[in-house]
Every structure is written in C-alpha cells, then in structure tokens.
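A.B. asks: Below you'll find the structure I mean.
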Amino acid sequence: MPEERKRVERPSWEEYFLRIAIVVSERSTCLRRQVGALIVSERRILTTGYNGAPKGLAHCSELGCLRDKYGAESGHMHEFCRGLHAEQNAIIQGALYGVSLDGGELYSTHQPCVLCTKMLISAGIKAIYYREPYPDELAFEMLKEAGIKSVRIEI
C-alpha cells in the first residue's frame with residue numbers, strides 16, 4: 001500500500017514574490033520606513049532593491065535622518081533625503097547590468113510614490129503588487145492612465 005502524501009500548501013506567485021520583497025527590505029538603512037522591491041518577468045527575478053543611500057555614501061542609519069532634521073512629513077520634501085527608494089534601486093540595477101525591465105512586474109512592500117511611479121511607467125513595468133498602501137493619489141491616477149495594473153496583496 002503506497003504511503004499517503006501530505007498536500008503542501010504553496011503560496012501564490014504574488015505572495016511568494018511579495019515575501020521575498022519583505023526579506024529584501026531587511027537590508028534597508030532608512031530610519032523611517034524599510035522598503036524592499038523586486039522586478040520579475042516570467043516568474044524570474046530580474047532585479048531587487050531596498051531603500052538606502054547611493055553606492056559608496058554613508059547611510060542614514062550612520063548619519064541620522066535629514067527628513068527628521070527638517071521636519072519633513074511623509075510624502076513631502078523628497079529632496080531632503082540621502083536615500084534612493086527601493087523601486088529606484090531595482091531600476092538602477094537593471095541599468096547597471098543591462099537587464100531590460102520592459103514588461104516586468106514590480107513586487108514591493110509599499111505602494112510606490114509618484115516619483116517611483118513615473119520611473120516604473122517609463123521602464124515599461126506592466127503590473128505592481130504591494131503590501132502596504134501609500135497615500136499618493138497622483139501615483140494612482142498616473143498608473144490608471146498608463147494602464148498599469150496595481151494590486152494590494154495582504155499577507
């Protein structure tokens with residue numbers, strides 16, 4: 001009599017990649033919000049990114065937060081931040097290593113801000129999956145106008 005096999009519950013692809021984005025966020029050096037992102041095509045990870053200072057520069061975790069120093073509210077005064085956003089770093093990785101992101105999907109711990117949304121649209125991203133919402137109405141409007149699918153996944 002053959003041994004009965006236990007059925008294994010597998011996460012959906014969306015949940016799988018979002019869980020990976022959560023692990024990527026653990027590399028973040030931001031003192032306010034740890035964000036992780038990855039860009040996927042045909043169920044293959046192309047690039048990853050987390051929020052932190054540009055390559056070779058001191059991180060906010062070492063120097064302190066400029067946004068806190070200037071009293072910047074969430075979503076405002078982005079120019080007072082040393083760090084790049086996770087989505088920006090994922091796009092930059094594609095550029096550095098010659099990986100086309102056109103037609104890819106973004107998985108992020110947080111909904112992208114309008115600055116990242118514009119970059120993702122121009123990079124050819126076709127869908128965005130995120131865990132945490134971010135109150136940026138213009139980002140939502142631009143995604144809708146560009147025909148990009150945007151889905152919140154609760155895990």
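For the structure tokens, the naming scheme is as follows: chains receive sequential letters (A, B, ...) according to their order of presentation, residues are indexed from 1 within each chain, and ligands are indexed from 1 in presentation order.
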Quick one: residues within 9 Å of Ile125 in chain A, only C-alpha atoms, excluding same-chain residues fewer than 5 positions away - as a list in words?
C.D. replies: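 So the residues in contact are Ile39, Leu101, Asp102, Gly103, Gly104, Glu105, Leu106, Leu120 and Ile148 of chain A.
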A.B. asks: For the residues selected in the previous step, produce a file with all heavy atoms as a CSV table (one decimal), in the first residue's frame.
C.D. replies:
chain,number,residue,atom,x,y,z
A,39,ILE,N,11.8,43.2,-9.2
A,39,ILE,CA,11.2,43.2,-10.6
A,39,ILE,C,11.3,41.8,-11.1
A,39,ILE,O,12.4,41.3,-11.1
A,39,ILE,CB,11.7,44.3,-11.5
A,39,ILE,CG1,11.5,45.7,-10.8
A,39,ILE,CG2,11.1,44.3,-12.9
A,39,ILE,CD1,12.1,46.9,-11.5
A,101,LEU,N,13.8,45.7,-18.2
A,101,LEU,CA,12.7,45.6,-17.3
A,101,LEU,C,11.3,45.7,-18.0
A,101,LEU,O,10.3,45.5,-17.4
A,101,LEU,CB,12.8,46.6,-16.2
A,101,LEU,CG,14.1,46.7,-15.5
A,101,LEU,CD1,14.2,47.8,-14.4
A,101,LEU,CD2,14.5,45.3,-14.8
A,102,ASP,N,11.4,46.0,-19.3
A,102,ASP,CA,10.2,46.2,-20.1
A,102,ASP,C,9.3,45.0,-20.0
A,102,ASP,O,9.7,43.8,-20.3
A,102,ASP,CB,10.6,46.5,-21.6
A,102,ASP,CG,9.4,47.0,-22.4
A,102,ASP,OD1,8.5,47.6,-21.8
A,102,ASP,OD2,9.4,46.8,-23.6
A,103,GLY,N,8.0,45.2,-19.6
A,103,GLY,CA,7.1,44.1,-19.5
A,103,GLY,C,7.1,43.4,-18.1
A,103,GLY,O,6.3,42.5,-17.9
A,104,GLY,N,8.0,43.8,-17.2
A,104,GLY,CA,8.1,43.2,-15.9
A,104,GLY,C,7.0,43.6,-15.0
A,104,GLY,O,6.2,44.5,-15.2
A,105,GLU,N,7.1,43.0,-13.8
A,105,GLU,CA,6.1,43.2,-12.7
A,105,GLU,C,6.9,43.6,-11.5
A,105,GLU,O,8.0,43.0,-11.2
A,105,GLU,CB,5.3,42.0,-12.4
A,105,GLU,CG,4.4,41.5,-13.6
A,105,GLU,CD,3.7,40.2,-13.3
A,105,GLU,OE1,4.3,39.4,-12.5
A,105,GLU,OE2,2.7,40.0,-13.8
A,106,LEU,N,6.5,44.6,-10.8
A,106,LEU,CA,7.1,45.1,-9.5
A,106,LEU,C,6.4,44.5,-8.4
A,106,LEU,O,5.1,44.5,-8.3
A,106,LEU,CB,7.1,46.6,-9.4
A,106,LEU,CG,7.6,47.1,-8.1
A,106,LEU,CD1,9.2,47.3,-8.2
A,106,LEU,CD2,7.0,48.4,-7.7
A,120,LEU,N,8.8,53.8,-13.0
A,120,LEU,CA,8.3,52.5,-13.4
A,120,LEU,C,7.5,52.5,-14.7
A,120,LEU,O,7.6,51.6,-15.5
A,120,LEU,CB,7.4,51.9,-12.2
A,120,LEU,CG,8.2,51.7,-10.9
A,120,LEU,CD1,7.3,51.5,-9.7
A,120,LEU,CD2,9.1,50.4,-11.1
A,148,ILE,N,-1.5,50.5,-16.1
A,148,ILE,CA,-0.7,49.6,-15.3
A,148,ILE,C,-1.6,49.0,-14.2
A,148,ILE,O,-2.2,49.8,-13.4
A,148,ILE,CB,0.5,50.3,-14.8
A,148,ILE,CG1,1.4,50.6,-16.0
A,148,ILE,CG2,1.3,49.3,-13.8
A,148,ILE,CD1,2.7,51.4,-15.6
A.B. asks: Using DSSP secondary structure from the backbone, list all strand (DSSP E) positions within chain A, as a ChimeraX atom specification.
C.D. replies: /A:36-41,44-50,105-110,127-132,149-152
A.B. asks: With distances taken over only C-alpha atoms, which of A:Glu26, A:Glu79, A:Glu62, A:Glu132 is nearest to Glu154 in chain A?
C.D. replies: A:Glu132
A.B. asks: Which of range 34-103 of chain A counts as alpha helix (DSSP H) under DSSP, as a PyMOL selection string please?
C.D. replies: chain A and resi 60-63+66-69+86-97
A.B. asks: Could you write those residues out with N, CA, C and O atoms, as a PDB file, in the first residue's frame?
C.D. replies:
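Final output, part-v7.pdb:
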ATOM      1  N   CYS A  60      21.795  56.747   6.215  1.00  0.00           N
ATOM      2  CA  CYS A  60      21.064  57.470   7.255  1.00  0.00           C
ATOM      3  C   CYS A  60      21.204  56.761   8.601  1.00  0.00           C
ATOM      4  O   CYS A  60      21.209  57.410   9.649  1.00  0.00           O
ATOM      5  N   SER A  61      21.315  55.450   8.579  1.00  0.00           N
ATOM      6  CA  SER A  61      21.494  54.696   9.821  1.00  0.00           C
ATOM      7  C   SER A  61      22.811  55.060  10.501  1.00  0.00           C
ATOM      8  O   SER A  61      22.984  54.836  11.696  1.00  0.00           O
ATOM      9  N   GLU A  62      23.745  55.653   9.746  1.00  0.00           N
ATOM     10  CA  GLU A  62      25.031  56.091  10.302  1.00  0.00           C
ATOM     11  C   GLU A  62      25.031  57.583  10.644  1.00  0.00           C
ATOM     12  O   GLU A  62      25.640  57.997  11.621  1.00  0.00           O
ATOM     13  N   LEU A  63      24.336  58.395   9.820  1.00  0.00           N
ATOM     14  CA  LEU A  63      24.391  59.851   9.957  1.00  0.00           C
ATOM     15  C   LEU A  63      23.148  60.484  10.570  1.00  0.00           C
ATOM     16  O   LEU A  63      23.182  61.644  10.946  1.00  0.00           O
ATOM     17  N   LEU A  66      17.920  63.189   7.565  1.00  0.00           N
ATOM     18  CA  LEU A  66      17.762  64.599   7.186  1.00  0.00           C
ATOM     19  C   LEU A  66      16.294  65.014   7.181  1.00  0.00           C
ATOM     20  O   LEU A  66      15.965  66.144   7.533  1.00  0.00           O
ATOM     21  N   ARG A  67      15.425  64.122   6.794  1.00  0.00           N
ATOM     22  CA  ARG A  67      13.995  64.443   6.749  1.00  0.00           C
ATOM     23  C   ARG A  67      13.468  64.718   8.156  1.00  0.00           C
ATOM     24  O   ARG A  67      12.661  65.626   8.351  1.00  0.00           O
ATOM     25  N   ASP A  68      13.934  63.955   9.127  1.00  0.00           N
ATOM     26  CA  ASP A  68      13.553  64.222  10.516  1.00  0.00           C
ATOM     27  C   ASP A  68      14.111  65.571  10.958  1.00  0.00           C
ATOM     28  O   ASP A  68      13.431  66.362  11.602  1.00  0.00           O
ATOM     29  N   LYS A  69      15.358  65.826  10.590  1.00  0.00           N
ATOM     30  CA  LYS A  69      16.014  67.085  10.964  1.00  0.00           C
ATOM     31  C   LYS A  69      15.233  68.296  10.470  1.00  0.00           C
ATOM     32  O   LYS A  69      15.104  69.299  11.168  1.00  0.00           O
ATOM     33  N   ALA A  86      13.493  51.994  -2.875  1.00  0.00           N
ATOM     34  CA  ALA A  86      13.715  50.600  -3.263  1.00  0.00           C
ATOM     35  C   ALA A  86      13.434  50.386  -4.747  1.00  0.00           C
ATOM     36  O   ALA A  86      14.197  49.708  -5.448  1.00  0.00           O
ATOM     37  N   GLU A  87      12.354  50.988  -5.246  1.00  0.00           N
ATOM     38  CA  GLU A  87      11.990  50.846  -6.659  1.00  0.00           C
ATOM     39  C   GLU A  87      13.059  51.469  -7.556  1.00  0.00           C
ATOM     40  O   GLU A  87      13.403  50.910  -8.601  1.00  0.00           O
ATOM     41  N   GLN A  88      13.582  52.618  -7.134  1.00  0.00           N
ATOM     42  CA  GLN A  88      14.642  53.270  -7.901  1.00  0.00           C
ATOM     43  C   GLN A  88      15.877  52.372  -7.959  1.00  0.00           C
ATOM     44  O   GLN A  88      16.488  52.208  -9.018  1.00  0.00           O
ATOM     45  N   ASN A  89      16.250  51.784  -6.827  1.00  0.00           N
ATOM     46  CA  ASN A  89      17.407  50.896  -6.809  1.00  0.00           C
ATOM     47  C   ASN A  89      17.188  49.662  -7.682  1.00  0.00           C
ATOM     48  O   ASN A  89      18.119  49.193  -8.349  1.00  0.00           O
ATOM     49  N   ALA A  90      15.974  49.136  -7.717  1.00  0.00           N
ATOM     50  CA  ALA A  90      15.691  47.979  -8.581  1.00  0.00           C
ATOM     51  C   ALA A  90      15.833  48.362 -10.055  1.00  0.00           C
ATOM     52  O   ALA A  90      16.387  47.599 -10.849  1.00  0.00           O
ATOM     53  N   ILE A  91      15.368  49.556 -10.423  1.00  0.00           N
ATOM     54  CA  ILE A  91      15.509  50.030 -11.805  1.00  0.00           C
ATOM     55  C   ILE A  91      16.986  50.256 -12.137  1.00  0.00           C
ATOM     56  O   ILE A  91      17.458  49.871 -13.211  1.00  0.00           O
ATOM     57  N   ILE A  92      17.721  50.863 -11.228  1.00  0.00           N
ATOM     58  CA  ILE A  92      19.150  51.138 -11.441  1.00  0.00           C
ATOM     59  C   ILE A  92      19.931  49.840 -11.628  1.00  0.00           C
ATOM     60  O   ILE A  92      20.832  49.770 -12.466  1.00  0.00           O
ATOM     61  N   GLN A  93      19.579  48.798 -10.877  1.00  0.00           N
ATOM     62  CA  GLN A  93      20.263  47.512 -11.040  1.00  0.00           C
ATOM     63  C   GLN A  93      20.092  46.986 -12.463  1.00  0.00           C
ATOM     64  O   GLN A  93      21.029  46.449 -13.051  1.00  0.00           O
ATOM     65  N   GLY A  94      18.899  47.152 -13.005  1.00  0.00           N
ATOM     66  CA  GLY A  94      18.675  46.745 -14.394  1.00  0.00           C
ATOM     67  C   GLY A  94      19.572  47.510 -15.347  1.00  0.00           C
ATOM     68  O   GLY A  94      20.167  46.935 -16.265  1.00  0.00           O
ATOM     69  N   ALA A  95      19.689  48.816 -15.130  1.00  0.00           N
ATOM     70  CA  ALA A  95      20.536  49.649 -15.993  1.00  0.00           C
ATOM     71  C   ALA A  95      22.006  49.263 -15.849  1.00  0.00           C
ATOM     72  O   ALA A  95      22.724  49.159 -16.851  1.00  0.00           O
ATOM     73  N   LEU A  96      22.463  49.049 -14.624  1.00  0.00           N
ATOM     74  CA  LEU A  96      23.874  48.700 -14.385  1.00  0.00           C
ATOM     75  C   LEU A  96      24.282  47.392 -15.053  1.00  0.00           C
ATOM     76  O   LEU A  96      25.390  47.258 -15.554  1.00  0.00           O
ATOM     77  N   TYR A  97      23.369  46.428 -15.023  1.00  0.00           N
ATOM     78  CA  TYR A  97      23.719  45.093 -15.513  1.00  0.00           C
ATOM     79  C   TYR A  97      23.082  44.737 -16.854  1.00  0.00           C
ATOM     80  O   TYR A  97      23.136  43.585 -17.282  1.00  0.00           O
TER      81      TYR A  97
END
A.B. asks: Pick the closest to Leu115 in chain A from A:Gly83, A:Gly64, A:Gly75, A:Gly49: which is it, counting only C-alpha atoms?
C.D. replies: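 With only C-alpha atoms as the atom set, the closest residue is A:Gly75.
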A.B. asks: Have a look at A:Leu84, A:Val151, A:Met142, A:Val35 and name the one nearest to Ala53 in chain A; count only C-alpha atoms.
C.D. replies: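 The closest residue to Ala53 in chain A is A:Leu84.
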